$ cat coords-v5.cif   # mmCIF, C-alpha atoms
data_run
loop_
_atom_site.group_PDB
_atom_site.id
_atom_site.type_symbol
_atom_site.label_atom_id
_atom_site.label_comp_id
_atom_site.auth_asym_id
_atom_site.auth_seq_id
_atom_site.Cartn_x
_atom_site.Cartn_y
_atom_site.Cartn_z
ATOM 1 C CA MET A 1 -149.685 213.159 168.503
ATOM 2 C CA ALA A 2 -146.884 215.039 170.223
ATOM 3 C CA SER A 3 -146.382 218.621 169.141
ATOM 4 C CA TYR A 4 -143.158 219.719 167.525
ATOM 5 C CA VAL A 5 -140.021 220.115 169.647
ATOM 6 C CA ARG A 6 -139.315 223.607 170.994
ATOM 7 C CA TYR A 7 -135.571 223.584 170.502
ATOM 8 C CA ILE A 8 -134.986 227.003 172.045
ATOM 9 C CA ASP A 9 -136.466 225.834 175.362
ATOM 10 C CA ARG A 10 -135.065 222.333 175.084
ATOM 11 C CA THR A 11 -131.466 223.385 174.394
ATOM 12 C CA ARG A 12 -131.549 226.066 177.085
ATOM 13 C CA ASP A 13 -132.606 223.472 179.697
ATOM 14 C CA TYR A 14 -130.140 220.933 178.320
ATOM 15 C CA TYR A 15 -127.127 223.223 178.515
ATOM 16 C CA LEU A 16 -128.229 224.561 181.915
ATOM 17 C CA SER A 17 -128.246 220.975 183.163
ATOM 18 C CA LYS A 18 -124.669 220.644 181.896
ATOM 19 C CA GLY A 19 -123.549 223.688 183.835
ATOM 20 C CA TYR A 20 -123.667 226.384 181.145
ATOM 21 C CA ASP A 21 -125.577 229.120 182.886
ATOM 22 C CA LYS A 22 -125.631 231.750 180.145
ATOM 23 C CA PRO A 23 -128.499 230.986 177.735
ATOM 24 C CA TYR A 24 -127.800 231.557 174.042
ATOM 25 C CA LYS A 25 -129.419 234.671 172.621
ATOM 26 C CA TRP A 26 -131.119 233.606 169.399
ATOM 27 C CA ALA A 27 -131.466 235.996 166.490
ATOM 28 C CA HIS A 28 -134.825 237.740 166.414
ATOM 29 C CA PHE A 29 -136.241 240.274 163.969
ATOM 30 C CA GLU A 30 -139.669 241.878 163.901
ATOM 31 C CA ASP A 31 -139.554 242.814 160.225
ATOM 32 C CA VAL A 32 -139.300 240.180 157.535
ATOM 33 C CA PRO A 33 -138.520 241.067 153.903
ATOM 34 C CA PHE A 34 -140.603 239.770 151.006
ATOM 35 C CA THR A 35 -139.610 239.273 147.371
ATOM 36 C CA PRO A 36 -142.375 237.766 145.222
ATOM 37 C CA LEU A 37 -141.442 235.393 142.421
ATOM 38 C CA LYS A 38 -140.427 237.474 139.427
ATOM 39 C CA LYS A 39 -141.263 234.789 136.897
ATOM 40 C CA PRO A 40 -142.790 231.307 136.861
ATOM 41 C CA LEU A 41 -140.717 228.603 138.541
ATOM 42 C CA ALA A 42 -140.504 226.834 135.183
ATOM 43 C CA GLU A 43 -138.413 229.785 134.007
ATOM 44 C CA SER A 44 -136.522 230.401 137.262
ATOM 45 C CA LYS A 45 -132.943 229.512 138.117
ATOM 46 C CA VAL A 46 -132.744 227.852 141.534
ATOM 47 C CA VAL A 47 -129.825 227.570 143.978
ATOM 48 C CA LEU A 48 -129.405 225.279 146.985
ATOM 49 C CA ILE A 49 -127.812 226.678 150.147
ATOM 50 C CA SER A 50 -126.963 224.430 153.082
ATOM 51 C CA THR A 51 -125.270 224.387 156.470
ATOM 52 C CA SER A 52 -124.645 220.649 156.312
ATOM 53 C CA GLU A 53 -120.878 221.036 155.670
ATOM 54 C CA ILE A 54 -121.540 219.060 152.488
ATOM 55 C CA GLU A 55 -118.394 218.011 150.632
ATOM 56 C CA VAL A 56 -117.469 216.249 147.407
ATOM 57 C CA ARG A 57 -115.709 212.925 147.968
ATOM 58 C CA GLY A 58 -112.056 213.074 147.009
ATOM 59 C CA ALA A 59 -112.076 216.828 146.465
ATOM 60 C CA GLU A 60 -109.971 219.258 148.422
ATOM 61 C CA GLN A 61 -111.478 220.589 151.627
ATOM 62 C CA PRO A 62 -113.682 223.555 150.783
ATOM 63 C CA GLU A 63 -112.348 226.987 151.531
ATOM 64 C CA GLY A 64 -113.728 228.370 154.754
ATOM 65 C CA ASP A 65 -113.242 227.811 158.423
ATOM 66 C CA ASP A 66 -115.267 225.443 160.510
ATOM 67 C CA LYS A 67 -112.507 224.981 163.063
ATOM 68 C CA SER A 68 -113.320 227.923 165.287
ATOM 69 C CA ASN A 69 -116.953 228.820 164.606
ATOM 70 C CA VAL A 70 -115.997 232.076 162.909
ATOM 71 C CA GLY A 71 -118.163 231.177 159.917
ATOM 72 C CA GLY A 72 -117.186 231.203 156.265
ATOM 73 C CA MET A 73 -118.801 230.000 153.054
ATOM 74 C CA TYR A 74 -117.834 227.877 150.042
ATOM 75 C CA SER A 75 -119.340 226.601 146.819
ATOM 76 C CA ILE A 76 -119.480 223.243 145.078
ATOM 77 C CA PRO A 77 -120.663 222.485 141.538
ATOM 78 C CA SER A 78 -124.391 221.783 141.365
ATOM 79 C CA ASN A 79 -123.989 218.918 138.910
ATOM 80 C CA VAL A 80 -122.368 216.538 141.398
ATOM 81 C CA SER A 81 -124.444 213.393 141.937
ATOM 82 C CA LYS A 82 -125.569 212.440 145.440
ATOM 83 C CA GLU A 83 -123.249 209.418 145.455
ATOM 84 C CA GLN A 84 -120.255 211.776 145.317
ATOM 85 C CA LEU A 85 -121.437 213.876 148.265
ATOM 86 C CA TYR A 86 -121.176 213.387 151.999
ATOM 87 C CA SER A 87 -121.542 215.400 155.180
ATOM 88 C CA PRO A 88 -119.155 215.185 158.134
ATOM 89 C CA SER A 89 -121.553 217.251 160.269
ATOM 90 C CA HIS A 90 -122.366 216.249 163.836
ATOM 91 C CA SER A 91 -125.227 218.757 164.152
ATOM 92 C CA TYR A 92 -128.105 216.302 163.852
ATOM 93 C CA ASP A 93 -130.061 213.834 165.936
ATOM 94 C CA ARG A 94 -127.603 210.949 165.681
ATOM 95 C CA VAL A 95 -129.887 208.554 167.551
ATOM 96 C CA ALA A 96 -133.088 209.155 165.573
ATOM 97 C CA THR A 97 -131.708 209.553 162.056
ATOM 98 C CA THR A 98 -128.649 209.365 159.824
ATOM 99 C CA LEU A 99 -126.849 211.513 157.253
ATOM 100 C CA GLU A 100 -126.150 208.506 154.998
ATOM 101 C CA ASP A 101 -128.684 209.668 152.409
ATOM 102 C CA VAL A 102 -127.716 213.251 151.541
ATOM 103 C CA ASP A 103 -131.067 213.826 149.806
ATOM 104 C CA ALA A 104 -132.757 213.825 153.214
ATOM 105 C CA PHE A 105 -130.997 217.102 154.101
ATOM 106 C CA TYR A 106 -129.578 218.295 150.768
ATOM 107 C CA PRO A 107 -132.266 217.786 148.124
ATOM 108 C CA THR A 108 -129.985 217.667 145.116
ATOM 109 C CA SER A 109 -131.621 214.645 143.428
ATOM 110 C CA ALA A 110 -135.117 216.111 143.813
ATOM 111 C CA LEU A 111 -133.907 219.449 142.393
ATOM 112 C CA HIS A 112 -132.312 217.757 139.388
ATOM 113 C CA ALA A 113 -135.530 215.786 138.852
ATOM 114 C CA ALA A 114 -137.467 219.062 138.966
ATOM 115 C CA VAL A 115 -135.287 220.463 136.189
ATOM 116 C CA LYS A 116 -135.772 217.326 134.129
ATOM 117 C CA SER A 117 -139.557 217.465 134.492
ATOM 118 C CA GLY A 118 -139.658 221.190 133.683
ATOM 119 C CA ARG A 119 -140.985 222.148 137.141
ATOM 120 C CA ILE A 120 -138.113 224.641 137.502
ATOM 121 C CA GLY A 121 -136.157 226.408 134.796
ATOM 122 C CA GLY A 122 -132.710 225.292 135.850
ATOM 123 C CA LEU A 123 -130.104 225.170 138.584
ATOM 124 C CA ALA A 124 -127.334 227.624 139.329
ATOM 125 C CA ALA A 125 -123.902 226.349 138.344
ATOM 126 C CA ARG A 126 -122.862 226.441 142.007
ATOM 127 C CA PHE A 127 -124.549 225.433 145.247
ATOM 128 C CA HIS A 128 -123.313 227.071 148.461
ATOM 129 C CA GLY A 129 -122.386 225.975 151.942
ATOM 130 C CA VAL A 130 -122.276 228.281 154.956
ATOM 131 C CA TYR A 131 -120.518 227.488 158.231
ATOM 132 C CA ASN A 132 -122.144 228.456 161.485
ATOM 133 C CA ALA A 133 -120.617 231.454 163.241
ATOM 134 C CA TYR A 134 -120.925 232.491 166.865
ATOM 135 C CA SER A 135 -121.253 236.042 165.600
ATOM 136 C CA GLN A 136 -124.654 236.536 163.948
ATOM 137 C CA ARG A 137 -123.369 239.799 162.554
ATOM 138 C CA ARG A 138 -120.593 238.020 160.679
ATOM 139 C CA THR A 139 -123.090 235.623 159.127
ATOM 140 C CA ARG A 140 -125.295 238.517 158.032
ATOM 141 C CA GLU A 141 -122.640 240.983 156.924
ATOM 142 C CA ARG A 142 -119.934 238.747 155.520
ATOM 143 C CA ASP A 143 -121.038 235.197 154.661
ATOM 144 C CA ALA A 144 -124.599 236.006 153.535
ATOM 145 C CA MET A 145 -123.301 238.883 151.420
ATOM 146 C CA GLU A 146 -120.803 236.588 149.707
ATOM 147 C CA VAL A 147 -123.610 234.071 149.050
ATOM 148 C CA LEU A 148 -125.615 236.952 147.567
ATOM 149 C CA ASN A 149 -122.714 238.002 145.335
ATOM 150 C CA ARG A 150 -122.276 234.486 143.999
ATOM 151 C CA CYS A 151 -126.029 234.090 143.458
ATOM 152 C CA ARG A 152 -126.018 237.309 141.435
ATOM 153 C CA GLU A 153 -123.041 236.153 139.372
ATOM 154 C CA ASP A 154 -124.948 232.948 138.591
ATOM 155 C CA GLY A 155 -128.219 234.706 137.724
ATOM 156 C CA VAL A 156 -130.196 233.085 140.553
ATOM 157 C CA ASP A 157 -133.929 233.840 140.916
ATOM 158 C CA VAL A 158 -134.872 231.500 143.766
ATOM 159 C CA ALA A 159 -132.984 230.053 146.736
ATOM 160 C CA VAL A 160 -133.863 226.854 148.603
ATOM 161 C CA LEU A 161 -132.178 226.922 152.020
ATOM 162 C CA VAL A 162 -131.751 223.856 154.179
ATOM 163 C CA PRO A 163 -130.171 223.455 157.618
ATOM 164 C CA VAL A 164 -128.982 219.991 158.526
ATOM 165 C CA MET B 1 -127.422 226.959 165.110
ATOM 166 C CA CYS B 2 -127.727 225.688 161.514
ATOM 167 C CA HIS B 3 -131.347 226.830 161.475
ATOM 168 C CA GLN B 4 -130.384 230.308 162.558
ATOM 169 C CA THR B 5 -127.587 230.532 159.978
ATOM 170 C CA VAL B 6 -129.827 229.611 157.026
ATOM 171 C CA SER B 7 -132.519 231.973 158.322
ATOM 172 C CA LEU B 8 -130.052 234.874 158.467
ATOM 173 C CA VAL B 9 -128.825 234.103 154.925
ATOM 174 C CA ALA B 10 -132.415 233.768 153.626
ATOM 175 C CA ARG B 11 -133.268 237.196 155.014
ATOM 176 C CA VAL B 12 -130.301 238.835 153.278
ATOM 177 C CA LEU B 13 -131.172 237.210 149.933
ATOM 178 C CA GLU B 14 -134.811 238.171 150.252
ATOM 179 C CA GLU B 15 -133.867 241.783 151.111
ATOM 180 C CA ASN B 16 -131.864 241.825 147.896
ATOM 181 C CA GLY B 17 -134.441 240.551 145.422
ATOM 182 C CA ILE B 18 -134.022 236.765 145.550
ATOM 183 C CA SER B 19 -137.094 234.744 146.577
ATOM 184 C CA THR B 20 -136.344 232.165 149.269
ATOM 185 C CA VAL B 21 -137.817 229.165 151.002
ATOM 186 C CA VAL B 22 -136.368 227.485 154.109
ATOM 187 C CA MET B 23 -137.005 223.751 154.582
ATOM 188 C CA CYS B 24 -136.566 222.950 158.263
ATOM 189 C CA THR B 25 -137.161 220.753 161.272
ATOM 190 C CA ALA B 26 -136.482 223.245 164.112
ATOM 191 C CA ARG B 27 -139.449 225.452 163.433
ATOM 192 C CA ASP B 28 -139.187 227.620 166.557
ATOM 193 C CA ILE B 29 -135.640 228.791 165.758
ATOM 194 C CA VAL B 30 -136.608 229.814 162.212
ATOM 195 C CA GLU B 31 -139.778 231.535 163.465
ATOM 196 C CA MET B 32 -137.783 233.369 166.118
ATOM 197 C CA CYS B 33 -135.399 234.733 163.496
ATOM 198 C CA GLY B 34 -138.178 235.495 161.008
ATOM 199 C CA VAL B 35 -138.076 234.303 157.400
ATOM 200 C CA THR B 36 -140.291 234.879 154.401
ATOM 201 C CA ARG B 37 -141.328 231.281 153.644
ATOM 202 C CA MET B 38 -140.800 228.112 155.650
ATOM 203 C CA VAL B 39 -141.723 224.454 155.141
ATOM 204 C CA HIS B 40 -141.678 222.668 158.480
ATOM 205 C CA THR B 41 -141.383 218.890 158.462
ATOM 206 C CA ASP B 42 -141.751 217.443 161.945
ATOM 207 C CA PHE B 43 -138.762 215.124 161.682
ATOM 208 C CA PRO B 44 -135.542 214.804 163.720
ATOM 209 C CA LEU B 45 -132.709 217.272 163.156
ATOM 210 C CA GLY B 46 -130.862 216.020 160.089
ATOM 211 C CA SER B 47 -133.872 215.066 157.941
ATOM 212 C CA PRO B 48 -135.605 218.315 156.937
ATOM 213 C CA CYS B 49 -136.238 217.129 153.353
ATOM 214 C CA GLY B 50 -137.878 213.785 154.053
ATOM 215 C CA GLU B 51 -136.848 210.449 155.527
ATOM 216 C CA PRO B 52 -133.524 208.971 154.422
ATOM 217 C CA HIS B 53 -133.923 206.551 151.496
ATOM 218 C CA ASN B 54 -137.457 207.725 150.742
ATOM 219 C CA PRO B 55 -136.989 209.609 147.445
ATOM 220 C CA ALA B 56 -140.738 209.836 146.721
ATOM 221 C CA GLN B 57 -141.345 211.606 150.012
ATOM 222 C CA GLN B 58 -138.293 213.842 149.489
ATOM 223 C CA ARG B 59 -139.705 214.949 146.124
ATOM 224 C CA GLU B 60 -143.064 215.684 147.768
ATOM 225 C CA VAL B 61 -141.464 217.853 150.464
ATOM 226 C CA LEU B 62 -139.628 219.838 147.783
ATOM 227 C CA GLU B 63 -142.873 220.218 145.827
ATOM 228 C CA ILE B 64 -144.485 221.723 148.954
ATOM 229 C CA ALA B 65 -141.627 224.248 148.998
ATOM 230 C CA PHE B 66 -142.215 225.063 145.310
ATOM 231 C CA LYS B 67 -145.950 225.539 145.880
ATOM 232 C CA LEU B 68 -145.192 227.817 148.822
ATOM 233 C CA LEU B 69 -142.944 229.940 146.597
ATOM 234 C CA GLU B 70 -145.802 230.249 144.127
ATOM 235 C CA THR B 71 -148.579 231.027 146.592
ATOM 236 C CA ALA B 72 -147.188 233.008 149.559
ATOM 237 C CA PHE B 73 -148.155 236.657 149.372
ATOM 238 C CA VAL B 74 -146.988 237.860 152.788
ATOM 239 C CA PRO B 75 -143.769 237.225 154.751
ATOM 240 C CA ARG B 76 -143.658 234.677 157.622
ATOM 241 C CA THR B 77 -145.760 232.201 155.662
ATOM 242 C CA MET B 78 -145.280 228.712 157.090
ATOM 243 C CA VAL B 79 -146.493 225.383 155.724
ATOM 244 C CA GLN B 80 -146.449 222.223 157.810
ATOM 245 C CA SER B 81 -145.783 219.151 155.682
ATOM 246 C CA PRO B 82 -148.167 216.255 156.423
ATOM 247 C CA PHE B 83 -145.572 213.544 156.949
ATOM 248 C CA LYS B 84 -145.072 211.505 160.127
ATOM 249 C CA TRP B 85 -141.735 209.988 161.108
ATOM 250 C CA SER B 86 -142.143 206.283 160.315
ATOM 251 C CA LYS B 87 -140.449 205.078 163.503
ATOM 252 C CA GLY B 88 -142.825 206.946 165.806
ATOM 253 C CA GLU B 89 -142.375 210.043 167.922
ATOM 254 C CA ALA B 90 -140.289 208.811 170.851
ATOM 255 C CA TRP B 91 -137.325 210.796 169.532
ATOM 256 C CA LYS B 92 -139.118 214.017 170.495
ATOM 257 C CA ASP B 93 -138.947 213.132 174.187
ATOM 258 C CA LEU B 94 -135.277 212.240 174.029
ATOM 259 C CA VAL B 95 -133.488 214.818 171.893
ATOM 260 C CA PHE B 96 -131.427 217.266 174.002
ATOM 261 C CA THR B 97 -132.125 215.535 177.308
ATOM 262 C CA PRO B 98 -129.693 214.333 179.977
ATOM 263 C CA GLU B 99 -130.871 210.764 179.187
ATOM 264 C CA GLN B 100 -129.648 211.096 175.607
ATOM 265 C CA PRO B 101 -126.627 213.416 175.264
ATOM 266 C CA TYR B 102 -126.770 215.259 171.961
ATOM 267 C CA GLN B 103 -123.153 214.579 171.078
ATOM 268 C CA THR B 104 -120.744 211.771 171.822
ATOM 269 C CA PRO B 105 -118.138 212.707 174.492
ATOM 270 C CA GLU B 106 -115.493 212.946 171.759
ATOM 271 C CA VAL B 107 -117.535 215.357 169.615
ATOM 272 C CA GLU B 108 -118.482 217.389 172.659
ATOM 273 C CA LYS B 109 -114.798 217.708 173.553
ATOM 274 C CA ARG B 110 -114.035 219.062 170.062
ATOM 275 C CA TRP B 111 -116.991 221.470 170.365
ATOM 276 C CA LEU B 112 -115.589 222.821 173.632
ATOM 277 C CA GLU B 113 -112.157 223.216 172.045
ATOM 278 C CA LYS B 114 -113.689 225.218 169.167
ATOM 279 C CA LYS B 115 -115.528 227.361 171.651
ATOM 280 C CA GLU B 116 -112.346 228.022 173.589
ATOM 281 C CA PHE B 117 -110.434 228.827 170.380
ATOM 282 C CA TYR B 118 -113.137 231.291 169.389
ATOM 283 C CA ARG B 119 -112.901 232.985 172.814
ATOM 284 C CA LYS B 120 -109.157 233.332 172.303
ATOM 285 C CA LEU B 121 -109.563 234.850 168.831
ATOM 286 C CA LYS B 122 -112.162 237.244 170.187
ATOM 287 C CA ALA B 123 -109.942 238.292 173.080
ATOM 288 C CA GLU B 124 -107.157 238.999 170.581
ATOM 289 C CA GLY B 125 -109.508 241.072 168.458
ATOM 290 C CA LYS B 126 -109.191 238.684 165.502
ATOM 291 C CA VAL B 127 -112.927 238.091 165.060
#

$ encode --input "coords-v5.cif" --output "structure tokens"
Amino acid sequence: MASYVRYIDRTRDYYLSKGYDKPYKWAHFEDVPFTPLKKPLAESKVVLISTSEIEVRGAEQPEGDDKSNVGGMYSIPSNVSKEQLYSPSHSYDRVATTLEDVDAFYPTSALHAAVKSGRIGGLAARFHGVYNAYSQRRTRERDAMEVLNRCREDGVDVAVLVPV
Amino acid sequence: MCHQTVSLVARVLEENGISTVVMCTARDIVEMCGVTRMVHTDFPLGSPCGEPHNPAQQREVLEIAFKLLETAFVPRTMVQSPFKWSKGEAWKDLVFTPEQPYQTPEVEKRWLEKKEFYRKLKAEGKV
């Protein structure tokens, strides 16, 4: 069985082969914070946070800016069914897989099922989307802080985060 | 870059009292950044929560994330989900290689335009 793909090495070689000679400097931290669960999951309010550019069909474009990679964040109601959602993202392996089934990268149906079965206490009223930014500092200091504010407003205990 | 963005957001939430779990495919990028809890599923970019149209498997991957939330007692705890991509592993040799360009020429053109626009904003002190 082949081991997992080392994307840092693979993308560096890929972009070098295309003539980009300045390798991307990935974020790296020695210290990692830790917040234990404060209460059982069956009593916890859970939020979903995604970078999949997920949108609601027929709704206005979410606020935020994905046109220039300066980042931004937006929220959509958590009670939207998967059939109403889609992702226009191109940041996935378009040959190996597909974004047709949003549950494969945005586990909304599984989260709703978990509420129904009592596995988790409930879902936040809003789920959040975050756009990628070239500036890691902007993601940390602006977009992540706004996600935090909205999570606090919604009484969130636990966050499930999913890249596309 | 998606993996780095969610990792950075997870760290901020965790620093501020919200427990987090990241469900990912690009394990090395998340490990490099450093997050509290990670479920790695060894699938192509775009399917971190299970294979498309396999709801039973998607529920199982989420359950692994829930169990990790309940059991992790130190940061940087990683769980590898047991699932194998049903169409084999050839995709691993092809992703991000000259033989299989990651984006279509049209999407790559738009990506370069965004990059250029960002450079311009930066030069003007707007970002």

$ residues_around --input "coords-v5.cif" --residues "A:Asp143" --least-positions-apart "4" --cutoff "6 Å" --atoms "only C-alpha atoms" --output "list in words"
Gly72, Met73 and Thr139 of chain A

$ closest_atom_pairs --input "coords-v5.cif" --of "stretch 73-108 of chain B" --to "stretch 78-93 of chain A" --cutoff "10 Å" --atoms "only C-alpha atoms" --output "CSV"
residue,atom,partner,partner_atom,distance
B:Trp91,CA,A:Asp93,CA,8.7
B:Leu94,CA,A:Asp93,CA,9.8
B:Val95,CA,A:Asp93,CA,6.9
B:Phe96,CA,A:Asp93,CA,8.9
B:Pro101,CA,A:Asp93,CA,9.9
B:Tyr102,CA,A:Asp93,CA,7.0
B:Gln103,CA,A:His90,CA,7.5
B:Thr104,CA,A:His90,CA,9.3
B:Val107,CA,A:His90,CA,7.6
B:Glu108,CA,A:His90,CA,9.7

$ resolve_selection --input "coords-v5.cif" --expression "the PyMOL selection byres ((chain B and resi 72) around 12)" --output "PDB file with C-alpha atoms, in the frame of the given file"
ATOM      1  CA  PHE A  34    -140.603 239.770 151.006  1.00  0.00           C
ATOM      2  CA  THR A  35    -139.610 239.273 147.371  1.00  0.00           C
ATOM      3  CA  PRO A  36    -142.375 237.766 145.222  1.00  0.00           C
ATOM      4  CA  LEU A  37    -141.442 235.393 142.421  1.00  0.00           C
TER       5      LEU A  37
ATOM      6  CA  SER B  19    -137.094 234.744 146.577  1.00  0.00           C
ATOM      7  CA  THR B  20    -136.344 232.165 149.269  1.00  0.00           C
ATOM      8  CA  VAL B  21    -137.817 229.165 151.002  1.00  0.00           C
ATOM      9  CA  THR B  36    -140.291 234.879 154.401  1.00  0.00           C
ATOM     10  CA  ARG B  37    -141.328 231.281 153.644  1.00  0.00           C
ATOM     11  CA  MET B  38    -140.800 228.112 155.650  1.00  0.00           C
ATOM     12  CA  VAL B  39    -141.723 224.454 155.141  1.00  0.00           C
ATOM     13  CA  ILE B  64    -144.485 221.723 148.954  1.00  0.00           C
ATOM     14  CA  ALA B  65    -141.627 224.248 148.998  1.00  0.00           C
ATOM     15  CA  PHE B  66    -142.215 225.063 145.310  1.00  0.00           C
ATOM     16  CA  LYS B  67    -145.950 225.539 145.880  1.00  0.00           C
ATOM     17  CA  LEU B  68    -145.192 227.817 148.822  1.00  0.00           C
ATOM     18  CA  LEU B  69    -142.944 229.940 146.597  1.00  0.00           C
ATOM     19  CA  GLU B  70    -145.802 230.249 144.127  1.00  0.00           C
ATOM     20  CA  THR B  71    -148.579 231.027 146.592  1.00  0.00           C
ATOM     21  CA  PHE B  73    -148.155 236.657 149.372  1.00  0.00           C
ATOM     22  CA  VAL B  74    -146.988 237.860 152.788  1.00  0.00           C
ATOM     23  CA  PRO B  75    -143.769 237.225 154.751  1.00  0.00           C
ATOM     24  CA  ARG B  76    -143.658 234.677 157.622  1.00  0.00           C
ATOM     25  CA  THR B  77    -145.760 232.201 155.662  1.00  0.00           C
ATOM     26  CA  MET B  78    -145.280 228.712 157.090  1.00  0.00           C
ATOM     27  CA  VAL B  79    -146.493 225.383 155.724  1.00  0.00           C
TER      28      VAL B  79
END

$ atom_distance --input "coords-v5.cif" --atom1 "atom CA of B:Glu14" --atom2 "atom CA of A:Ala144"
10.9 Å

$ residues_around --input "coords-v5.cif" --residues "A:Ile76" --least-positions-apart "5" --cutoff "8 Å" --atoms "all atoms listed in the file" --output "PDB file with C-alpha atoms, keeping the file's coordinate frame"
ATOM      1  CA  GLU A  55    -118.394 218.011 150.632  1.00  0.00           C
ATOM      2  CA  VAL A  56    -117.469 216.249 147.407  1.00  0.00           C
ATOM      3  CA  ARG A 126    -122.862 226.441 142.007  1.00  0.00           C
ATOM      4  CA  PHE A 127    -124.549 225.433 145.247  1.00  0.00           C
ATOM      5  CA  HIS A 128    -123.313 227.071 148.461  1.00  0.00           C
ATOM      6  CA  GLY A 129    -122.386 225.975 151.942  1.00  0.00           C
TER       7      GLY A 129
END

$ closest_residue --input "coords-v5.cif" --among "B:Ser81, B:Gln58, B:Asn16, B:Thr5" --to "A:Asn69" --atoms "all atoms listed in the file"
B:Thr5

$ resolve_selection --input "coords-v5.cif" --expression "the PyMOL selection byres ((chain A and resi 103-112) around 8)" --output "mmCIF file with C-alpha atoms, in the frame of the given file"
data_model
loop_
_atom_site.group_PDB
_atom_site.id
_atom_site.type_symbol
_atom_site.label_atom_id
_atom_site.label_comp_id
_atom_site.auth_asym_id
_atom_site.auth_seq_id
_atom_site.Cartn_x
_atom_site.Cartn_y
_atom_site.Cartn_z
ATOM 1 C CA LEU A 48 -129.405 225.279 146.985
ATOM 2 C CA SER A 50 -126.963 224.430 153.082
ATOM 3 C CA SER A 52 -124.645 220.649 156.312
ATOM 4 C CA SER A 78 -124.391 221.783 141.365
ATOM 5 C CA SER A 81 -124.444 213.393 141.937
ATOM 6 C CA LYS A 82 -125.569 212.440 145.440
ATOM 7 C CA LEU A 99 -126.849 211.513 157.253
ATOM 8 C CA ASP A 101 -128.684 209.668 152.409
ATOM 9 C CA VAL A 102 -127.716 213.251 151.541
ATOM 10 C CA ALA A 113 -135.530 215.786 138.852
ATOM 11 C CA ALA A 114 -137.467 219.062 138.966
ATOM 12 C CA VAL A 115 -135.287 220.463 136.189
ATOM 13 C CA LYS A 116 -135.772 217.326 134.129
ATOM 14 C CA LEU A 123 -130.104 225.170 138.584
ATOM 15 C CA VAL A 162 -131.751 223.856 154.179
ATOM 16 C CA PRO A 163 -130.171 223.455 157.618
ATOM 17 C CA VAL A 164 -128.982 219.991 158.526
ATOM 18 C CA GLY B 46 -130.862 216.020 160.089
ATOM 19 C CA SER B 47 -133.872 215.066 157.941
ATOM 20 C CA PRO B 48 -135.605 218.315 156.937
ATOM 21 C CA CYS B 49 -136.238 217.129 153.353
ATOM 22 C CA GLY B 50 -137.878 213.785 154.053
ATOM 23 C CA GLU B 51 -136.848 210.449 155.527
ATOM 24 C CA PRO B 52 -133.524 208.971 154.422
ATOM 25 C CA HIS B 53 -133.923 206.551 151.496
ATOM 26 C CA PRO B 55 -136.989 209.609 147.445
ATOM 27 C CA GLN B 58 -138.293 213.842 149.489
ATOM 28 C CA ARG B 59 -139.705 214.949 146.124
ATOM 29 C CA LEU B 62 -139.628 219.838 147.783
#

$ closest_residue --input "coords-v5.cif" --among "A:Met145, A:Cys151, A:Ala133, A:Val95" --to "B:Arg11" --atoms "all atoms listed in the file"
A:Met145

$ atom_distance --input "coords-v5.cif" --atom1 "atom CA of A:Val5" --atom2 "atom CA of B:Glu89"
10.5 Å

$ atom_distance --input "coords-v5.cif" --atom1 "atom CA of A:Val160" --atom2 "atom CA of B:Ala10"
8.7 Å

$ closest_residue --input "coords-v5.cif" --among "A:Ala159, A:Val47, A:Val147, A:Ala59" --to "chain B" --atoms "only C-alpha atoms"
A:Ala159

$ resolve_selection --input "coords-v5.cif" --expression "the PyMOL selection byres ((chain B and resi 31) around 10)" --output "PyMOL selection string"
(chain A and resi 27-29) or (chain B and resi 3-4+7+26-30+32-38+76-78)

$ closest_residue --input "coords-v5.cif" --among "A:Glu53, A:Glu141, A:Glu60, A:Asp157" --to "chain B" --atoms "all atoms listed in the file"
A:Asp157

$ residues_near_point --input "coords-v5.cif" --point "(-133.0, 206.1, 164.7)" --cutoff "10 Å" --atoms "all atoms listed in the file" --output "list in words"
Asp93, Arg94, Val95, Ala96, Thr97 and Thr98 of chain A; Pro44, Lys87, Gly88, Ala90 and Trp91 of chain B

$ closest_residue --input "coords-v5.cif" --among "B:Lys84, B:Thr97, B:Ala123, B:Trp111" --to "chain A" --atoms "all atoms listed in the file"
B:Thr97

$ closest_residue --input "coords-v5.cif" --among "A:Val32, A:Ile54, A:Ala42, A:Ala124" --to "chain B" --atoms "all atoms listed in the file"
A:Val32

$ residues_around --input "coords-v5.cif" --residues "B:Phe83" --least-positions-apart "3" --cutoff "9 Å" --atoms "only C-alpha atoms" --output "MDAnalysis selection string"
chainID B and resid 41:43 50 57 61 80 86

$ residues_around --input "coords-v5.cif" --residues "A:Tyr24" --least-positions-apart "6" --cutoff "12 Å" --atoms "only C-alpha atoms" --output "ChimeraX atom specification"
/A:7-16,134-136 /B:1,4,29

$ write_last_selection --input "coords-v5.cif" --atoms "C-alpha atoms" --output "short mmCIF file (atom, residue, chain, number, x, y, z; two decimals), keeping the file's coordinate frame"
data_model
loop_
_atom_site.label_atom_id
_atom_site.label_comp_id
_atom_site.auth_asym_id
_atom_site.auth_seq_id
_atom_site.Cartn_x
_atom_site.Cartn_y
_atom_site.Cartn_z
CA TYR A 7 -135.57 223.58 170.50
CA ILE A 8 -134.99 227.00 172.04
CA ASP A 9 -136.47 225.83 175.36
CA ARG A 10 -135.06 222.33 175.08
CA THR A 11 -131.47 223.38 174.39
CA ARG A 12 -131.55 226.07 177.08
CA ASP A 13 -132.61 223.47 179.70
CA TYR A 14 -130.14 220.93 178.32
CA TYR A 15 -127.13 223.22 178.52
CA LEU A 16 -128.23 224.56 181.92
CA TYR A 134 -120.92 232.49 166.86
CA SER A 135 -121.25 236.04 165.60
CA GLN A 136 -124.65 236.54 163.95
CA MET B 1 -127.42 226.96 165.11
CA GLN B 4 -130.38 230.31 162.56
CA ILE B 29 -135.64 228.79 165.76
#
